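structure19.txt follows; it contains compact mmCIF, C-alpha atoms.
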# COMPACT_ATOMS: atom_id res chain seq x y z
CA MET Z 1 129.08 89.47 70.40
CA LYS Z 2 131.70 89.77 73.09
CA THR Z 3 133.39 86.72 74.60
CA TRP Z 4 131.82 87.15 78.04
CA GLU Z 5 128.36 87.37 76.52
CA ILE Z 6 128.85 84.09 74.66
CA LEU Z 7 130.21 82.44 77.83
CA TYR Z 8 127.21 83.63 79.84
CA ILE Z 9 124.82 82.17 77.27
CA VAL Z 10 126.66 78.83 77.24
CA VAL Z 11 126.52 78.67 81.05
CA LEU Z 12 122.79 79.48 81.05
CA LEU Z 13 121.94 76.87 78.43
CA ALA Z 14 124.07 74.27 80.20
CA GLY Z 15 122.20 75.14 83.41
CA LEU Z 16 118.89 74.64 81.64
CA MET Z 17 120.01 71.20 80.48
CA ILE Z 18 121.01 70.27 84.04
CA GLY Z 19 117.64 71.50 85.30
CA TRP Z 20 115.84 69.46 82.65
CA GLN Z 21 117.85 66.26 83.20
CA VAL Z 22 118.87 66.31 86.86
CA ASN Z 23 117.53 68.93 89.28
CA VAL Z 24 116.31 72.51 89.03
CA TYR Z 25 118.07 73.74 92.17
CA LEU Z 26 121.35 72.14 91.12
CA ALA Z 27 120.96 74.03 87.83
CA VAL Z 28 120.55 77.37 89.61
CA ALA Z 29 123.58 76.65 91.84
CA PHE Z 30 125.61 75.69 88.72
CA ILE Z 31 124.74 78.95 86.91
CA TRP Z 32 125.42 81.10 89.99
CA ALA Z 33 128.77 79.43 90.69
CA LEU Z 34 130.05 79.59 87.12
CA ILE Z 35 129.07 83.21 86.53
CA ILE Z 36 130.61 84.38 89.80
CA LEU Z 37 133.79 82.39 89.05
CA LEU Z 38 133.90 83.92 85.57
CA GLU Z 39 133.69 87.43 86.99
CA LEU Z 40 136.28 86.75 89.71
CA TYR Z 41 138.66 85.31 87.14
CA ASP Z 42 138.21 88.30 84.86
CA ALA Z 43 138.60 90.84 87.68
CA ARG Z 44 141.80 89.13 88.84
CA LYS Z 45 143.18 88.97 85.32
CA SER Z 46 142.43 92.65 84.74
CA LYS Z 47 144.02 93.63 88.06
CA SER Z 48 147.22 91.78 87.20
CA HIS Z 49 147.30 93.74 83.92
CA GLY Z 50 146.57 97.02 85.76
CA GLN Z 51 143.32 97.70 83.92
CA GLY Z 52 141.01 98.46 86.85
CA GLN Z 53 137.52 97.03 86.44
CA GLY Z 54 137.65 93.75 84.57
CA HIS Z 55 136.90 93.68 80.86
CA ASN Z 56 139.54 91.28 79.57
CA LEU Z 57 136.92 88.99 78.12
CA ASP Z 58 135.26 91.84 76.18
CA MET S 59 101.89 66.61 65.34
CA ASP S 60 101.41 66.95 69.12
CA GLY S 61 105.18 66.82 69.68
CA LEU S 62 105.69 69.50 67.05
CA ILE S 63 103.08 71.76 68.66
CA GLU S 64 104.79 71.33 72.04
CA ILE S 65 108.14 72.35 70.52
CA ILE S 66 106.49 75.36 68.84
CA VAL S 67 104.91 76.40 72.17
CA LEU S 68 108.31 76.16 73.86
CA LEU S 69 110.00 78.15 71.09
CA ALA S 70 107.26 80.78 71.16
CA GLY S 71 107.55 80.97 74.95
CA PHE S 72 111.32 81.36 74.68
CA PHE S 73 110.80 84.12 72.11
CA VAL S 74 108.44 86.01 74.47
CA ALA S 75 110.69 85.66 77.51
CA TRP S 76 113.78 86.59 75.45
CA ASN S 77 112.01 89.74 74.27
CA ILE S 78 110.85 90.61 77.76
CA GLY S 79 114.40 90.17 79.08
CA ALA S 80 115.73 92.47 76.37
CA ASN S 81 113.11 95.11 77.13
CA ASP S 82 113.01 94.92 80.94
CA THR S 83 116.69 94.67 81.85
CA SER S 84 116.82 98.44 81.60
CA ASN S 85 114.17 98.65 84.29
CA CYS S 86 116.43 97.30 87.01
CA VAL S 87 119.86 98.58 85.97
CA GLY S 88 119.20 101.34 83.40
CA ALA S 89 119.28 104.18 85.89
CA GLY S 90 122.52 102.90 87.50
CA ILE S 91 124.21 102.56 84.11
CA GLY S 92 122.85 105.97 83.05
CA ALA S 93 124.37 107.56 86.14
CA ARG S 94 127.67 105.72 85.35
CA ILE S 95 127.65 103.95 88.72
CA ILE S 96 127.94 100.45 87.29
CA SER S 97 129.33 99.06 84.03
CA TYR S 98 127.07 97.30 81.54
CA ARG S 99 128.80 93.98 82.07
CA ARG S 100 128.57 94.06 85.88
CA ALA S 101 124.92 95.07 85.57
CA ILE S 102 124.17 92.05 83.36
CA MET S 103 125.88 89.75 85.87
CA ILE S 104 123.62 91.05 88.66
CA VAL S 105 120.58 90.79 86.41
CA VAL S 106 121.24 87.15 85.49
CA LEU S 107 121.89 86.04 89.09
CA PHE S 108 118.82 87.75 90.53
CA PHE S 109 116.44 87.01 87.65
CA LEU S 110 117.05 83.35 88.50
CA LEU S 111 116.37 83.83 92.20
CA GLY S 112 113.21 85.86 91.69
CA ALA S 113 111.88 83.40 89.12
CA MET S 114 112.52 80.33 91.26
CA LEU S 115 111.24 81.73 94.55
CA GLU S 116 108.26 83.87 93.55
CA GLY S 117 107.65 83.38 89.81
CA TRP S 118 104.77 80.98 90.49
CA LYS S 119 102.56 83.81 91.82
CA ASN S 120 102.09 85.59 88.48
CA MET S 121 102.37 82.29 86.59
CA LYS S 122 99.15 81.23 88.30
CA THR S 123 97.37 84.47 87.41
CA VAL S 124 98.34 84.41 83.70
CA GLY S 125 97.78 80.67 83.27
CA GLU S 126 94.66 80.16 85.37
CA GLY S 127 93.34 83.49 86.65
CA ILE S 128 92.11 85.10 83.41
CA ILE S 129 90.84 82.23 81.25
CA THR S 130 89.03 79.59 83.28
CA PRO S 131 87.74 76.14 82.19
CA GLY S 132 84.07 75.65 81.46
CA PRO S 133 81.74 73.08 83.09
CA SER S 134 83.49 70.25 81.17
CA GLY S 135 86.67 70.98 83.12
CA VAL S 136 88.81 70.85 79.95
CA ASN S 137 91.82 73.17 80.11
CA PRO S 138 91.16 75.61 77.21
CA ILE S 139 94.84 76.59 76.88
CA SER S 140 95.89 72.98 76.15
CA ALA S 141 92.74 72.23 74.16
CA VAL S 142 93.46 74.89 71.52
CA PRO S 143 97.28 74.85 71.28
CA LEU S 144 97.49 76.89 68.06
CA ALA S 145 95.65 79.77 69.74
CA THR S 146 98.11 79.58 72.64
CA VAL S 147 101.03 79.73 70.18
CA ALA S 148 99.37 82.76 68.55
CA ALA S 149 99.06 84.56 71.90
CA LEU S 150 102.73 83.96 72.68
CA ILE S 151 103.82 85.11 69.20
CA ALA S 152 101.62 88.24 69.41
CA ALA S 153 103.02 89.29 72.79
CA GLY S 154 106.58 88.65 71.61
CA VAL S 155 106.26 90.44 68.27
CA TRP S 156 104.87 93.61 69.84
CA VAL S 157 107.60 93.67 72.50
CA LEU S 158 110.25 93.05 69.83
CA LEU S 159 109.02 95.97 67.72
CA ALA S 160 109.08 98.28 70.75
CA THR S 161 112.57 97.11 71.67
CA VAL S 162 113.83 97.79 68.13
CA PHE S 163 112.48 101.35 68.39
CA GLY S 164 113.97 101.76 71.87
CA LEU S 165 110.66 102.22 73.69
CA PRO S 166 110.40 100.76 77.19
CA ILE S 167 106.85 99.45 76.68
CA SER S 168 104.91 97.30 79.07
CA THR S 169 105.71 93.66 78.50
CA SER S 170 103.15 92.61 81.10
CA HIS S 171 100.44 94.61 79.34
CA SER S 172 101.47 92.96 76.11
CA MET S 173 101.12 89.49 77.61
CA ILE S 174 97.83 90.22 79.38
CA GLY S 175 96.45 91.78 76.17
CA ALA S 176 97.47 88.66 74.24
CA VAL S 177 95.81 86.39 76.84
CA ILE S 178 92.56 88.38 76.57
CA GLY S 179 92.72 87.99 72.77
CA LEU S 180 93.26 84.27 73.30
CA GLY S 181 90.18 84.09 75.53
CA PHE S 182 88.01 85.87 72.94
CA LEU S 183 89.29 83.58 70.18
CA ILE S 184 88.67 80.38 72.15
CA ASN S 185 85.15 81.53 73.03
CA LEU S 186 84.42 82.33 69.40
CA THR S 187 85.93 79.28 67.75
CA HIS S 188 85.36 76.66 70.46
CA PRO S 189 82.17 77.69 72.29
CA GLY S 190 81.67 74.08 73.38
CA LEU S 191 84.58 74.40 75.80
CA GLY S 192 82.63 77.02 77.74
CA ALA S 193 85.82 78.85 78.73
CA GLY S 194 85.25 81.93 80.86
CA ILE S 195 87.11 85.23 81.04
CA GLN S 196 87.45 86.51 84.61
CA TYR S 197 86.51 90.16 84.17
CA ASP S 198 86.72 90.89 87.91
CA LYS S 199 90.36 89.75 87.86
CA LEU S 200 90.99 91.92 84.81
CA VAL S 201 89.50 94.94 86.59
CA ALA S 202 91.89 94.38 89.52
CA ILE S 203 94.81 94.10 87.08
CA PHE S 204 93.82 97.26 85.17
CA ALA S 205 93.42 99.18 88.46
CA SER S 206 96.92 98.08 89.50
CA TRP S 207 98.29 99.24 86.17
CA LEU S 208 96.98 102.74 86.90
CA LEU S 209 98.27 102.68 90.46
CA ASN S 210 101.71 101.27 89.60
CA PRO S 211 103.58 104.29 88.08
CA GLY S 212 102.15 106.70 90.66
CA MET S 213 103.16 104.44 93.54
CA ALA S 214 106.66 104.01 92.07
CA ALA S 215 107.01 107.78 91.63
CA LEU S 216 105.90 108.41 95.20
CA CYS S 217 108.26 105.73 96.57
CA ALA S 218 111.22 107.11 94.60
CA PHE S 219 110.42 110.67 95.68
CA LEU S 220 110.16 109.69 99.36
CA ILE S 221 113.33 107.56 99.24
CA PHE S 222 115.20 110.47 97.67
CA LYS S 223 113.96 112.88 100.35
CA LEU S 224 114.88 110.40 103.10
CA VAL S 225 118.27 109.21 101.86
CA SER S 226 119.66 112.43 100.41
CA PRO S 227 120.13 114.26 103.78
CA LEU S 228 121.65 111.11 105.33
CA LEU S 229 124.18 110.74 102.54
CA ARG S 230 125.05 114.43 102.70
CA ARG S 231 126.35 113.87 106.22
CA ILE S 232 129.21 111.78 104.78
CA LYS S 233 131.97 114.31 104.28
CA ASN S 234 134.62 111.93 102.93
CA LEU S 235 134.10 111.85 99.14
CA ILE S 236 135.65 108.41 98.64
CA LEU S 237 133.47 106.90 101.38
CA PHE S 238 130.43 108.69 99.93
CA ASN S 239 131.03 107.11 96.51
CA GLN S 240 131.61 103.67 98.00
CA VAL S 241 128.36 103.82 100.01
CA LEU S 242 126.47 104.97 96.94
CA ILE S 243 127.87 102.19 94.75
CA VAL S 244 126.87 99.56 97.34
CA LEU S 245 123.37 101.06 97.63
CA ILE S 246 122.82 101.15 93.87
CA ILE S 247 124.09 97.62 93.36
CA ALA S 248 121.82 96.38 96.17
CA ALA S 249 118.83 98.23 94.68
CA SER S 250 119.60 96.85 91.21
CA ALA S 251 119.80 93.31 92.61
CA TYR S 252 116.45 93.76 94.39
CA GLY S 253 115.03 95.19 91.17
CA ALA S 254 116.27 92.20 89.15
CA TYR S 255 114.77 89.86 91.76
CA ALA S 256 111.39 91.60 91.59
CA ILE S 257 111.45 91.68 87.78
CA GLY S 258 112.47 88.01 87.64
CA ALA S 259 109.44 87.11 89.78
CA ASN S 260 107.08 89.40 87.85
CA ASP S 261 108.24 88.75 84.28
CA VAL S 262 108.98 85.04 84.43
CA GLY S 263 105.53 84.43 85.84
CA THR S 264 103.99 86.67 83.20
CA SER S 265 105.88 85.23 80.25
CA THR S 266 105.61 81.56 81.17
CA GLY S 267 102.14 81.35 82.74
CA LEU S 268 100.63 80.06 79.50
CA ILE S 269 103.44 77.51 79.00
CA ASN S 270 103.04 76.22 82.53
CA LYS S 271 99.31 75.75 82.04
CA PHE S 272 99.82 74.23 78.59
CA PHE S 273 102.17 71.56 79.92
CA GLY S 274 99.95 70.83 82.90
CA GLY S 275 101.98 72.45 85.67
CA ALA S 276 105.68 71.93 86.32
CA PRO S 277 106.31 75.43 87.67
CA GLN S 278 109.94 75.02 88.78
CA ILE S 279 111.40 73.83 85.50
CA VAL S 280 109.17 76.30 83.64
CA ALA S 281 110.48 79.09 85.91
CA LEU S 282 114.07 78.05 85.15
CA PHE S 283 113.27 77.94 81.44
CA GLY S 284 111.75 81.44 81.64
CA ALA S 285 114.65 82.85 83.67
CA VAL S 286 117.23 81.48 81.21
CA ALA S 287 115.32 82.92 78.24
CA LEU S 288 114.91 86.25 80.04
CA SER S 289 118.64 86.35 80.87
CA ILE S 290 119.65 85.56 77.28
CA GLY S 291 117.37 88.39 76.15
CA SER S 292 119.09 90.80 78.49
CA ILE S 293 122.57 89.68 77.37
CA THR S 294 121.88 89.89 73.66
CA PHE S 295 119.48 92.76 73.10
CA SER S 296 119.07 95.16 76.03
CA ARG S 297 121.54 97.97 75.28
CA ARG S 298 119.19 100.20 73.26
CA VAL S 299 116.40 100.40 75.84
CA ILE S 300 118.97 100.93 78.59
CA GLN S 301 120.10 104.05 76.75
CA THR S 302 116.51 105.38 76.79
CA VAL S 303 115.82 104.68 80.45
CA GLY S 304 119.26 105.63 81.70
CA GLY S 305 119.67 108.98 80.02
CA GLY S 306 116.77 109.73 77.73
CA ILE S 307 113.98 110.50 80.17
CA THR S 308 115.75 112.60 82.72
CA VAL S 309 119.35 113.13 83.67
CA LEU S 310 119.65 111.52 87.10
CA ASP S 311 122.39 112.01 89.63
CA SER S 312 123.60 109.04 91.66
CA VAL S 313 121.20 109.47 94.59
CA GLY S 314 118.34 109.89 92.10
CA ALA S 315 119.37 106.69 90.32
CA PHE S 316 119.35 104.79 93.60
CA SER S 317 115.96 106.20 94.63
CA ALA S 318 114.42 105.35 91.25
CA GLN S 319 115.81 101.83 91.31
CA LEU S 320 114.68 101.05 94.85
CA GLY S 321 111.28 102.74 94.46
CA SER S 322 110.43 100.79 91.32
CA ALA S 323 111.78 97.50 92.71
CA PHE S 324 109.63 97.78 95.84
CA THR S 325 106.54 98.64 93.80
CA ILE S 326 106.95 95.66 91.43
CA TRP S 327 107.63 93.28 94.32
CA PHE S 328 104.58 94.65 96.19
CA PHE S 329 102.25 93.74 93.30
CA VAL S 330 103.89 90.32 92.82
CA GLN S 331 102.77 89.48 96.37
CA PHE S 332 99.16 89.72 95.15
CA GLY S 333 99.87 87.76 91.95
CA ILE S 334 99.28 90.84 89.80
CA PRO S 335 101.58 91.21 86.80
CA VAL S 336 102.40 94.89 86.49
CA SER S 337 104.46 96.81 84.03
CA THR S 338 108.05 97.04 85.18
CA SER S 339 108.49 99.74 82.53
CA HIS S 340 105.71 101.83 84.09
CA ALA S 341 107.29 101.40 87.50
CA ILE S 342 110.77 102.53 86.46
CA VAL S 343 109.55 105.41 84.29
CA GLY S 344 107.30 106.54 87.17
CA ALA S 345 110.18 106.18 89.62
CA VAL S 346 112.62 108.04 87.35
CA ILE S 347 110.08 110.87 87.09
CA GLY S 348 109.53 110.81 90.87
CA ALA S 349 113.26 111.14 91.47
CA GLY S 350 113.56 113.70 88.64
CA LEU S 351 110.77 115.84 90.12
CA VAL S 352 113.01 116.63 93.06
CA LYS S 353 114.97 118.74 90.59
CA GLY S 354 111.77 120.23 89.08
CA THR S 355 109.66 119.19 86.11
CA ALA S 356 112.12 120.70 83.60
CA ALA S 357 114.39 117.70 84.20
CA VAL S 358 111.84 115.37 82.59
CA SER S 359 111.86 115.06 78.78
CA THR S 360 108.17 115.49 77.83
CA LYS S 361 108.65 114.46 74.19
CA LYS S 362 110.11 111.11 75.20
CA LEU S 363 107.36 110.69 77.78
CA ARG S 364 104.64 111.31 75.16
CA HIS S 365 106.04 108.48 73.02
CA ILE S 366 106.17 106.17 76.02
CA VAL S 367 102.60 106.97 77.16
CA LEU S 368 101.34 106.32 73.62
CA ALA S 369 103.08 102.93 73.60
CA TRP S 370 101.56 102.14 77.01
CA ILE S 371 98.01 102.79 75.76
CA LEU S 372 98.53 100.94 72.49
CA THR S 373 100.22 97.88 74.00
CA PRO S 374 97.31 95.86 75.46
CA ILE S 375 95.01 96.79 72.55
CA VAL S 376 97.53 95.86 69.84
CA ALA S 377 98.61 92.65 71.62
CA CYS S 378 94.95 91.58 72.05
CA ALA S 379 94.16 92.27 68.38
CA LEU S 380 97.38 90.59 67.18
CA SER S 381 96.75 87.52 69.34
CA PHE S 382 93.21 87.17 67.99
CA ALA S 383 94.24 87.77 64.36
CA ILE S 384 97.27 85.44 64.37
CA GLY S 385 95.25 82.76 66.15
CA TRP S 386 92.38 83.14 63.68
CA ILE S 387 94.80 82.71 60.77
CA LEU S 388 96.62 79.73 62.37
CA LEU S 389 93.35 77.97 63.19
CA GLY S 390 92.11 78.64 59.65
CA VAL S 391 95.26 77.34 57.99
CA MET S 392 96.31 74.50 60.29
CA GLY S 393 93.31 73.89 62.56
Produce structure tokens that represent the structure in this file.
Amino acid sequence: MKTWEILYIVVLLAGLMIGWQVNVYLAVAFIWALIILLELYDARKSKSHGQGQGHNLD
Amino acid sequence: MDGLIEIIVLLAGFFVAWNIGANDTSNCVGAGIGARIISYRRAIMIVVLFFLLGAMLEGWKNMKTVGEGIITPGPSGVNPISAVPLATVAALIAAGVWVLLATVFGLPISTSHSMIGAVIGLGFLINLTHPGLGAGIQYDKLVAIFASWLLNPGMAALCAFLIFKLVSPLLRRIKNLILFNQVLIVLIIAASAYGAYAIGANDVGTSTGLINKFFGGAPQIVALFGAVALSIGSITFSRRVIQTVGGGITVLDSVGAFSAQLGSAFTIWFFVQFGIPVSTSHAIVGAVIGAGLVKGTAAVSTKKLRHIVLAWILTPIVACALSFAIGWILLGVMG
């Protein structure tokens, strides 16, 4: 598996735990925020390396 | 023992939703990936975000149909799905196993048909083994569902065809090639997001309806559970079916990919409004054909279509039989 795939799964499972223990809507917000941040980070990192569309975490 | 059964139901439910995610991701982003408009990774990001939204906002509609609309309690008022937990586990396993087999062979089968078939098998089994519960099967609801299944691919094809006819001349007016590509990318991403939303609502409801009923109704956390399982399925196991939908059925151009995506998304969402779980695979294959027909029938691979149609017909029958057989064995061994 690629790194980004593992990170996505970790974020999703962590979100499920938050939903179970705290609040379902907080869990959805958590998953949305982390995945978007992950993509922004990767796109920025790729741009600084001149690779176009981000796949540094692949 | 009760705690163990609950864990098994959750695991079986996760297995079903994971399978459905693996099989149905192609239905909202396959055409876009096939037309090389969007990368696999970006597509998965959109899928995950919008599966969650669709599941949370509208997943309860199909959840109600699958959990309460087909098998109804008898005069005693006892919930048959909770009363015979091993049969419920069997139904979930049957639906999941059949979807898994189809995914391994790269066939975009109907996951909704698989689940509905398994629920019908569950109903037959409960009636046979626990007649005292007096559980009923709502045949009028099933007739409405079967009618929608027939209507679904045709409606998706028509929508995709009309969208193509409407959008194509508008896009042709854009003379700047760079602007044209940018507009197209935005349109396809928006259609994929809408598709993921509609599939999230349709599939999460379908895959977790039994779990929701089993645990006595906590639809929001069940929807989150289903959406997470669906997303993990799409991350880990969706590439093969995407290859079939994206390039195997017909070679779509970018406008065709957009039309197919939007046409199928609208069709799925339309049926969700009535709480009818439809096949997202039927919708996208119908829509891909509708968009492909603009180029003439030669663009559609008939051999691939024959395999898909065969899987469509077999799916509810096999899932029903599997659900009944696995449940019969489980009840015999452990019941």
Query raised in the report: Given a cut-off of 9 Å, which residues of chain S touch chain Z, counting all atoms listed in the file, written out as a VMD selection string?
Result: chain S and resid 97 99 to 100 103 106 to 107 110 to 111 114 278 to 279 282 to 283 286 to 287 289 to 290 293 to 294
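Rounded to one decimal, CA of Tyr98 (chain S) and CA of Pro335 (chain S) lie 26.7 Å from each other.
When CA of Thr187 (chain S) is paired with CA of Phe73 (chain S), their separation reads 25.7 Å.
Taking all atoms listed in the file into account, Val336 (chain S) lies nearest to S:Ser322 out of the set S:Ser140, S:Gln240, S:Ser322, S:Asn270.
Of note, CA of Ile195 (chain S) and CA of Ile128 (chain S) are spaced 5.5 Å apart.
Comparing S:Lys361, S:Ile326, S:Trp370, S:Ala256 by their smallest distance to Ala113 (chain S), the closest is S:Ala256 (using only C-alpha atoms).
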